[in-house]
Amino acid sequence: MSSPPPNPSAELPSSDRSQWRFHPITTPTEWTEEYRPNWFHPIHLGDVFKDGRYKVIRKLGYGAFSTVWLAIDEQVRRYAALKVLSAKESANTQELTIHQRLAEFTPSQPGAKHVVALLDSFKHHGPNGIHLFLVFEPMGPSANSMAEHLSHKSPKANEPGSGRLDFLHQNGIVHGDVQPGNLLFAVNVDLGSAEEEKLKQDFSQKQVISEPPKRLDGKVDKWAPRYLAVAQSLTSYVDTSSAFTVKISDMGTAFWRDEPKKPVTPVGLRAPELIFGDPFDQSIDVWSIGCLLFEFLTGTPLVMLCWGSNQLEECNDDHLLQLTDVLGDLPEEYFSRWAHTKKYFGPNRQRIDPDPNAPIKEDEGCFDDPESRSEPLEKFFCNEKPSDIDEAKSSMIISLLRRILQYDPKNRPSAVDILEDPWFKIRHSCTKLPSISQSVVGNRVAPWAKHVVALLDSFRHHGPNGIHLCLVFEPMGPSSNSMAENFSQKPQGQ
């Protein structure tokens, strides 16, 4: 009889495969190694929780600290989304407390309808610890994944975050992670009348569940599930041909304004005070909204950064250079604290071109390529905007962006102020102005879009060399380089 497997460490292993418990799984799911003490709770389709009240029927998604499942609430006969936090996150999160606080204001504040509603919560003891289950209204996919499903003529929807942030900020809450992945489309097709069989995990898809995880030592594992389910969002239950709503989600990294904690804002959406490590408040959310507004309307990020976990200083330099290009010179307070200014600027703060032959030394910033510098905001926006945004609308949008993207957080408008901006007022009175559908689609609607290879899907995969982003494109033939020999000269007259 073989000995039982040793208890795995509560710390996730590195990309060094010698520290792994399992053979790699190629199915696009969370990492099998995350099923260990202090981390994810193993869940299977058909599992029941809270004394049989909730039955799991479908995997909706997963994130860094949780998995999300569609379940039937047998007590009140409705569908619900179960967000199952890791044991580590369950012990430290303020997410439940924040939702409970927000629920107190739901009847009196209209902004509550723009935040995903908490229906219930409970704790569950499992092999990997005690897990907090948060029960939410079922939601559709995020703004990140809806671009391919939205048409140019979709009706307008709510503003990209500002109305929802107003509700949070008025109640002393800073979201701290405003990004497209946390903007969810509300289900607007009646789930209550949908049969369970139609909402269950769809086994007609090519990849539905993974093969059974296999330990490297051949032993039977008691911390991981028997299989990992592939996430299947409720995209088909969001009708983008009629009015739809987008709600803000994931309060896992939110915090009280008077008790700030380190936010997890995506690097490209960070306000300057976050880059320099200064005190911050709810205006970091407002800055993120400004960045998203530009991206939603143009299909192009305001700032494009590439970085690794050991390249934050280089990333910060690249970020500050791009902000300087787009928004103008940094205030002296920031410029004087920027360690590598002499590499990029002359004595009068004029931009200098780098020596292309000089090696890039570690911890000395990034390579400031003159050919890839961004245009000032006004020109940048006009070059990237869809053709149906005319000069007058462009002027209003640029004016709003300038108001939001202020280096000094004290000068930024509040979420309420943004909603009072003339551009938003005109949007509400004119159905032809850009909607969030156009915002998410961005330049996909432009006539030249057919000449760009189409992105069909994307996901992350954990492999022996780290975590990899997999981009799924339409199949294409060879490059023009390799086809040169196959082309013959056209006969005259053709």
# chains A, B, ... in the order shown; residues from 1 in each chain; ligands from 1
call {"tool": "select_by_dssp", "arguments": {"residues": "range 74-298 of chain A", "states": "strand (DSSP E or B)", "output": "PyMOL selection string"}}
result
chain A and resi 78-85+115+118-126+129-136+139-142+173-174+183-186+209+215+229+246-248+255-256
call {"tool": "write_last_selection", "arguments": {"atoms": "C-alpha atoms", "output": "short mmCIF file (atom, residue, chain, number, x, y, z; two decimals), in the first residue's frame"}}
result
data_model
loop_
_atom_site.label_atom_id
_atom_site.label_comp_id
_atom_site.auth_asym_id
_atom_site.auth_seq_id
_atom_site.Cartn_x
_atom_site.Cartn_y
_atom_site.Cartn_z
CA ARG A 78 -33.73 31.24 -9.10
CA TYR A 79 -30.30 31.21 -10.70
CA ALA A 80 -27.36 32.76 -8.87
CA ALA A 81 -23.62 33.24 -9.36
CA LEU A 82 -21.36 31.80 -6.66
CA LYS A 83 -18.05 33.58 -6.25
CA VAL A 84 -15.85 31.20 -4.26
CA LEU A 85 -12.87 32.98 -2.73
CA VAL A 115 -23.22 47.60 -9.04
CA LEU A 118 -25.06 40.61 -3.52
CA LEU A 119 -27.86 38.15 -2.71
CA ASP A 120 -26.35 35.98 0.01
CA SER A 121 -23.08 34.86 1.60
CA PHE A 122 -21.84 31.92 3.64
CA LYS A 123 -18.66 30.10 4.62
CA HIS A 124 -17.73 26.57 3.65
CA HIS A 125 -15.07 24.29 5.14
CA GLY A 126 -13.08 22.36 2.55
CA GLY A 129 -9.39 25.84 4.29
CA ILE A 130 -12.44 27.97 5.05
CA HIS A 131 -13.87 29.67 1.97
CA LEU A 132 -16.17 32.66 1.71
CA PHE A 133 -18.97 32.14 -0.84
CA LEU A 134 -20.49 35.35 -2.19
CA VAL A 135 -23.82 34.87 -3.98
CA PHE A 136 -24.53 37.44 -6.71
CA MET A 139 -24.08 38.47 -14.98
CA GLY A 140 -22.98 38.23 -18.57
CA PRO A 141 -19.42 38.59 -19.89
CA SER A 142 -17.09 41.50 -19.31
CA ILE A 173 -15.54 53.40 -1.18
CA VAL A 174 -12.66 53.37 -3.67
CA LEU A 183 -17.34 45.96 -16.18
CA LEU A 184 -19.94 43.23 -16.68
CA PHE A 185 -22.91 43.17 -19.02
CA ALA A 186 -26.15 42.53 -17.18
CA ILE A 209 -13.67 19.87 -18.74
CA ARG A 215 0.36 14.05 -9.86
CA ALA A 229 -14.17 22.96 -15.84
CA VAL A 246 -23.16 47.45 -17.74
CA LYS A 247 -22.40 47.04 -14.04
CA ILE A 248 -19.21 47.37 -12.03
CA PHE A 255 -11.24 49.80 0.19
CA TRP A 256 -12.65 52.50 2.42
#
call {"tool": "closest_residue", "arguments": {"among": "A:Ala224, A:Pro370, A:Val189, A:His114", "to": "Pro37 in chain A", "atoms": "only C-alpha atoms"}}
result
A:Ala224
call {"tool": "residues_around", "arguments": {"residues": "Gly172 in chain A", "least_positions_apart": "3", "cutoff": "9 Å", "atoms": "only C-alpha atoms", "output": "number ranges by chain"}}
result
A: 168-169, 255-258, 282
call {"tool": "residues_around", "arguments": {"residues": "Lys222 in chain A", "least_positions_apart": "4", "cutoff": "10 Å", "atoms": "only C-alpha atoms", "output": "ChimeraX atom specification"}}
result
/A:4-5,7,35-36,42,127-128,226
call {"tool": "write_last_selection", "arguments": {"atoms": "N, CA and C atoms", "output": "mmCIF file, in the first residue's frame"}}
result
data_model
loop_
_atom_site.group_PDB
_atom_site.id
_atom_site.type_symbol
_atom_site.label_atom_id
_atom_site.label_comp_id
_atom_site.auth_asym_id
_atom_site.auth_seq_id
_atom_site.Cartn_x
_atom_site.Cartn_y
_atom_site.Cartn_z
ATOM 1 N N PRO A 4 0.426 7.994 1.783
ATOM 2 C CA PRO A 4 -0.369 9.148 1.328
ATOM 3 C C PRO A 4 0.540 10.266 0.853
ATOM 4 N N PRO A 5 0.029 11.129 -0.004
ATOM 5 C CA PRO A 5 0.869 12.238 -0.495
ATOM 6 C C PRO A 5 1.142 13.234 0.623
ATOM 7 N N ASN A 7 1.476 16.855 2.514
ATOM 8 C CA ASN A 7 0.707 18.095 2.428
ATOM 9 C C ASN A 7 1.459 19.106 1.572
ATOM 10 N N TYR A 35 -4.818 24.645 -6.492
ATOM 11 C CA TYR A 35 -5.623 23.826 -5.583
ATOM 12 C C TYR A 35 -4.699 23.210 -4.542
ATOM 13 N N ARG A 36 -4.571 23.921 -3.444
ATOM 14 C CA ARG A 36 -3.684 23.550 -2.351
ATOM 15 C C ARG A 36 -4.160 24.284 -1.107
ATOM 16 N N PRO A 42 -11.868 22.893 -4.330
ATOM 17 C CA PRO A 42 -12.204 22.043 -5.483
ATOM 18 C C PRO A 42 -13.723 21.919 -5.651
ATOM 19 N N PRO A 127 -11.126 21.037 1.955
ATOM 20 C CA PRO A 127 -9.787 20.478 2.193
ATOM 21 C C PRO A 127 -8.682 21.527 2.174
ATOM 22 N N ASN A 128 -8.968 22.685 1.595
ATOM 23 C CA ASN A 128 -7.932 23.721 1.488
ATOM 24 C C ASN A 128 -8.156 24.898 2.421
ATOM 25 N N ARG A 226 -11.400 16.530 -9.346
ATOM 26 C CA ARG A 226 -11.189 15.397 -10.258
ATOM 27 C C ARG A 226 -10.967 15.881 -11.686
#
call {"tool": "residues_around", "arguments": {"residues": "Asp239 in chain A", "least_positions_apart": "2", "cutoff": "10 Å", "atoms": "only C-alpha atoms", "output": "list in words"}}
result
His149, Leu150, Ser154, Phe185, Ala186, Val187, Asn188, Val189, Thr235, Ser236, Tyr237, Ser241, Ser242, Ala243 and Phe244 of chain A
call {"tool": "write_last_selection", "arguments": {"atoms": "N, CA and C atoms", "output": "compact mmCIF listing (two decimals), in the first residue's frame"}}
result
# COMPACT_ATOMS: atom_id res chain seq x y z
N HIS A 149 -19.13 40.50 -30.12
CA HIS A 149 -20.57 40.27 -30.12
C HIS A 149 -21.38 41.54 -30.28
N LEU A 150 -20.70 42.68 -30.35
CA LEU A 150 -21.41 43.95 -30.43
C LEU A 150 -21.35 44.49 -31.85
N SER A 154 -25.54 48.92 -32.22
CA SER A 154 -26.14 48.59 -30.93
C SER A 154 -26.59 49.84 -30.21
N PHE A 185 -21.62 42.95 -18.38
CA PHE A 185 -22.91 43.17 -19.02
C PHE A 185 -24.00 42.43 -18.25
N ALA A 186 -25.05 43.15 -17.89
CA ALA A 186 -26.15 42.53 -17.18
C ALA A 186 -26.93 41.60 -18.11
N VAL A 187 -27.37 40.47 -17.58
CA VAL A 187 -28.22 39.56 -18.34
C VAL A 187 -29.56 40.24 -18.56
N ASN A 188 -29.95 40.41 -19.82
CA ASN A 188 -31.23 41.05 -20.11
C ASN A 188 -32.20 40.13 -20.85
N VAL A 189 -31.86 38.85 -20.88
CA VAL A 189 -32.79 37.82 -21.35
C VAL A 189 -33.24 37.06 -20.12
N THR A 235 -22.95 34.75 -22.41
CA THR A 235 -22.99 35.70 -23.53
C THR A 235 -24.32 35.64 -24.27
N SER A 236 -24.85 34.45 -24.49
CA SER A 236 -26.08 34.32 -25.27
C SER A 236 -27.29 34.88 -24.53
N TYR A 237 -27.14 35.22 -23.26
CA TYR A 237 -28.25 35.78 -22.49
C TYR A 237 -28.12 37.30 -22.33
N SER A 241 -28.91 43.79 -29.09
CA SER A 241 -29.73 44.48 -30.08
C SER A 241 -30.78 45.35 -29.41
N SER A 242 -30.93 45.20 -28.09
CA SER A 242 -31.86 46.04 -27.33
C SER A 242 -31.09 46.74 -26.22
N ALA A 243 -31.79 47.54 -25.42
CA ALA A 243 -31.11 48.27 -24.34
C ALA A 243 -30.44 47.31 -23.38
N PHE A 244 -29.21 47.62 -23.00
CA PHE A 244 -28.50 46.77 -22.05
C PHE A 244 -27.79 47.63 -21.02
call {"tool": "select_by_dssp", "arguments": {"residues": "range 146-301 of chain A", "states": "alpha helix (DSSP H)", "output": "PyMOL selection string"}}
result
chain A and resi 162-170+196-199+272-275+283-298
call {"tool": "residues_around", "arguments": {"residues": "range 317-324 of chain A", "least_positions_apart": "4", "cutoff": "10 Å", "atoms": "only C-alpha atoms", "output": "number ranges by chain"}}
result
A: 267-270, 272, 275, 302-307, 312-313, 328-330, 334-335, 338-341, 344, 351, 364-368, 372-377, 405, 407
call {"tool": "write_last_selection", "arguments": {"atoms": "C-alpha atoms", "output": "mmCIF file, in the first residue's frame"}}
result
data_model
loop_
_atom_site.group_PDB
_atom_site.id
_atom_site.type_symbol
_atom_site.label_atom_id
_atom_site.label_comp_id
_atom_site.auth_asym_id
_atom_site.auth_seq_id
_atom_site.Cartn_x
_atom_site.Cartn_y
_atom_site.Cartn_z
ATOM 1 C CA VAL A 267 -0.248 49.325 -14.788
ATOM 2 C CA GLY A 268 -1.470 51.215 -17.840
ATOM 3 C CA LEU A 269 -4.431 52.684 -15.917
ATOM 4 C CA ARG A 270 -2.410 53.961 -12.936
ATOM 5 C CA PRO A 272 0.643 59.484 -11.518
ATOM 6 C CA ILE A 275 3.499 55.601 -9.993
ATOM 7 C CA LEU A 302 -4.075 55.651 -24.012
ATOM 8 C CA VAL A 303 -0.840 54.087 -22.724
ATOM 9 C CA MET A 304 0.632 50.829 -24.016
ATOM 10 C CA LEU A 305 3.072 49.153 -21.632
ATOM 11 C CA CYS A 306 4.972 45.871 -21.748
ATOM 12 C CA TRP A 307 6.617 44.781 -18.543
ATOM 13 C CA LEU A 312 8.664 47.893 -12.766
ATOM 14 C CA GLU A 313 11.210 50.730 -12.862
ATOM 15 C CA GLY A 328 2.250 67.375 -21.717
ATOM 16 C CA ASP A 329 5.108 68.060 -19.316
ATOM 17 C CA LEU A 330 4.992 66.617 -15.818
ATOM 18 C CA TYR A 334 7.022 64.842 -10.210
ATOM 19 C CA PHE A 335 9.798 65.638 -12.676
ATOM 20 C CA TRP A 338 11.951 60.987 -11.530
ATOM 21 C CA ALA A 339 15.274 59.163 -11.198
ATOM 22 C CA HIS A 340 16.184 58.880 -14.881
ATOM 23 C CA THR A 341 15.249 62.299 -16.264
ATOM 24 C CA TYR A 344 15.512 61.376 -21.542
ATOM 25 C CA ARG A 351 13.450 65.671 -25.095
ATOM 26 C CA GLU A 364 18.646 52.560 -16.059
ATOM 27 C CA GLY A 365 15.174 52.927 -17.499
ATOM 28 C CA CYS A 366 13.717 52.050 -20.875
ATOM 29 C CA PHE A 367 14.719 52.732 -24.485
ATOM 30 C CA ASP A 368 12.995 55.949 -25.589
ATOM 31 C CA SER A 372 7.318 55.146 -31.384
ATOM 32 C CA ARG A 373 6.521 58.251 -29.362
ATOM 33 C CA SER A 374 2.849 59.064 -28.919
ATOM 34 C CA GLU A 375 1.146 62.128 -30.370
ATOM 35 C CA PRO A 376 -0.375 64.850 -28.155
ATOM 36 C CA LEU A 377 -3.864 63.953 -26.944
ATOM 37 C CA LEU A 405 -6.521 63.349 -16.923
ATOM 38 C CA TYR A 407 -1.686 65.286 -13.089
#
call {"tool": "atom_distance", "arguments": {"atom1": "CA of Arg403 in chain A", "atom2": "CA of Val178 in chain A"}}
result
18.4 Å
call {"tool": "atom_distance", "arguments": {"atom1": "CA of Gln232 in chain A", "atom2": "CA of Gln207 in chain A"}}
result
10.2 Å
call {"tool": "residues_around", "arguments": {"residues": "Leu228 in chain A", "least_positions_apart": "2", "cutoff": "7 Å", "atoms": "only C-alpha atoms", "output": "VMD selection string"}}
result
chain A and resid 29 209 to 210 225 230
call {"tool": "write_last_selection", "arguments": {"atoms": "C-alpha atoms", "output": "PDB file, in the first residue's frame"}}
result
ATOM      1  CA  THR A  29      -8.616  26.787 -17.019  1.00  0.00           C
ATOM      2  CA  ILE A 209     -13.669  19.874 -18.744  1.00  0.00           C
ATOM      3  CA  SER A 210     -10.017  18.952 -18.435  1.00  0.00           C
ATOM      4  CA  PRO A 225     -10.765  18.507  -8.091  1.00  0.00           C
ATOM      5  CA  VAL A 230     -13.759  25.424 -18.704  1.00  0.00           C
TER       6      VAL A 230
END
call {"tool": "closest_residue", "arguments": {"among": "A:Glu211, A:Asp250, A:Glu420, A:Asp325", "to": "Asp177 in chain A", "atoms": "only C-alpha atoms"}}
result
A:Asp250
call {"tool": "atom_distance", "arguments": {"atom1": "CA of Tyr62 in chain A", "atom2": "CA of Thr245 in chain A"}}
result
22.0 Å
call {"tool": "closest_residue", "arguments": {"among": "A:Lys200, A:Lys379, A:Pro213, A:Pro13", "to": "Lys55 in chain A", "atoms": "only C-alpha atoms"}}
result
A:Lys200
call {"tool": "decode", "arguments": {"residues": "range 304-358 of chain A", "atoms": "C-alpha atoms", "output": "PDB file, in the first residue's frame"}}
result
ATOM      1  CA  MET A 304       0.632  50.829 -24.016  1.00  0.00           C
ATOM      2  CA  LEU A 305       3.072  49.153 -21.632  1.00  0.00           C
ATOM      3  CA  CYS A 306       4.972  45.871 -21.748  1.00  0.00           C
ATOM      4  CA  TRP A 307       6.617  44.781 -18.543  1.00  0.00           C
ATOM      5  CA  GLY A 308       7.547  41.880 -16.308  1.00  0.00           C
ATOM      6  CA  SER A 309       7.491  41.512 -12.539  1.00  0.00           C
ATOM      7  CA  ASN A 310      11.173  42.512 -12.353  1.00  0.00           C
ATOM      8  CA  GLN A 311      10.838  45.484 -14.724  1.00  0.00           C
ATOM      9  CA  LEU A 312       8.664  47.893 -12.766  1.00  0.00           C
ATOM     10  CA  GLU A 313      11.210  50.730 -12.862  1.00  0.00           C
ATOM     11  CA  GLU A 314      11.555  50.427 -16.633  1.00  0.00           C
ATOM     12  CA  CYS A 315       7.765  50.252 -16.923  1.00  0.00           C
ATOM     13  CA  ASN A 316       7.361  53.404 -14.820  1.00  0.00           C
ATOM     14  CA  ASP A 317       9.785  55.288 -17.066  1.00  0.00           C
ATOM     15  CA  ASP A 318       7.926  54.152 -20.178  1.00  0.00           C
ATOM     16  CA  HIS A 319       4.630  55.153 -18.548  1.00  0.00           C
ATOM     17  CA  LEU A 320       5.841  58.639 -17.619  1.00  0.00           C
ATOM     18  CA  LEU A 321       7.343  59.214 -21.062  1.00  0.00           C
ATOM     19  CA  GLN A 322       4.075  58.305 -22.759  1.00  0.00           C
ATOM     20  CA  LEU A 323       2.089  60.543 -20.405  1.00  0.00           C
ATOM     21  CA  THR A 324       4.487  63.381 -21.213  1.00  0.00           C
ATOM     22  CA  ASP A 325       3.961  62.801 -24.935  1.00  0.00           C
ATOM     23  CA  VAL A 326       0.161  62.641 -24.699  1.00  0.00           C
ATOM     24  CA  LEU A 327      -0.721  65.020 -21.864  1.00  0.00           C
ATOM     25  CA  GLY A 328       2.250  67.375 -21.717  1.00  0.00           C
ATOM     26  CA  ASP A 329       5.108  68.060 -19.316  1.00  0.00           C
ATOM     27  CA  LEU A 330       4.992  66.617 -15.818  1.00  0.00           C
ATOM     28  CA  PRO A 331       4.725  69.093 -12.929  1.00  0.00           C
ATOM     29  CA  GLU A 332       8.074  69.975 -11.396  1.00  0.00           C
ATOM     30  CA  GLU A 333       7.080  68.098  -8.234  1.00  0.00           C
ATOM     31  CA  TYR A 334       7.022  64.842 -10.210  1.00  0.00           C
ATOM     32  CA  PHE A 335       9.798  65.638 -12.676  1.00  0.00           C
ATOM     33  CA  SER A 336      12.294  66.381  -9.885  1.00  0.00           C
ATOM     34  CA  ARG A 337      11.596  62.964  -8.310  1.00  0.00           C
ATOM     35  CA  TRP A 338      11.951  60.987 -11.530  1.00  0.00           C
ATOM     36  CA  ALA A 339      15.274  59.163 -11.198  1.00  0.00           C
ATOM     37  CA  HIS A 340      16.184  58.880 -14.881  1.00  0.00           C
ATOM     38  CA  THR A 341      15.249  62.299 -16.264  1.00  0.00           C
ATOM     39  CA  LYS A 342      18.807  63.012 -17.441  1.00  0.00           C
ATOM     40  CA  LYS A 343      18.580  60.015 -19.762  1.00  0.00           C
ATOM     41  CA  TYR A 344      15.512  61.376 -21.542  1.00  0.00           C
ATOM     42  CA  PHE A 345      15.680  65.162 -21.163  1.00  0.00           C
ATOM     43  CA  GLY A 346      18.226  67.922 -21.633  1.00  0.00           C
ATOM     44  CA  PRO A 347      19.016  70.746 -19.166  1.00  0.00           C
ATOM     45  CA  ASN A 348      15.960  72.745 -20.314  1.00  0.00           C
ATOM     46  CA  ARG A 349      13.688  69.697 -20.156  1.00  0.00           C
ATOM     47  CA  GLN A 350      13.866  69.269 -23.923  1.00  0.00           C
ATOM     48  CA  ARG A 351      13.450  65.671 -25.095  1.00  0.00           C
ATOM     49  CA  ILE A 352      16.677  64.102 -26.337  1.00  0.00           C
ATOM     50  CA  ASP A 353      17.038  61.162 -28.714  1.00  0.00           C
ATOM     51  CA  PRO A 354      18.930  58.152 -27.368  1.00  0.00           C
ATOM     52  CA  ASP A 355      22.019  56.673 -28.947  1.00  0.00           C
ATOM     53  CA  PRO A 356      20.625  53.659 -30.830  1.00  0.00           C
ATOM     54  CA  ASN A 357      23.953  51.852 -30.464  1.00  0.00           C
ATOM     55  CA  ALA A 358      24.242  52.290 -26.708  1.00  0.00           C
TER      56      ALA A 358
END
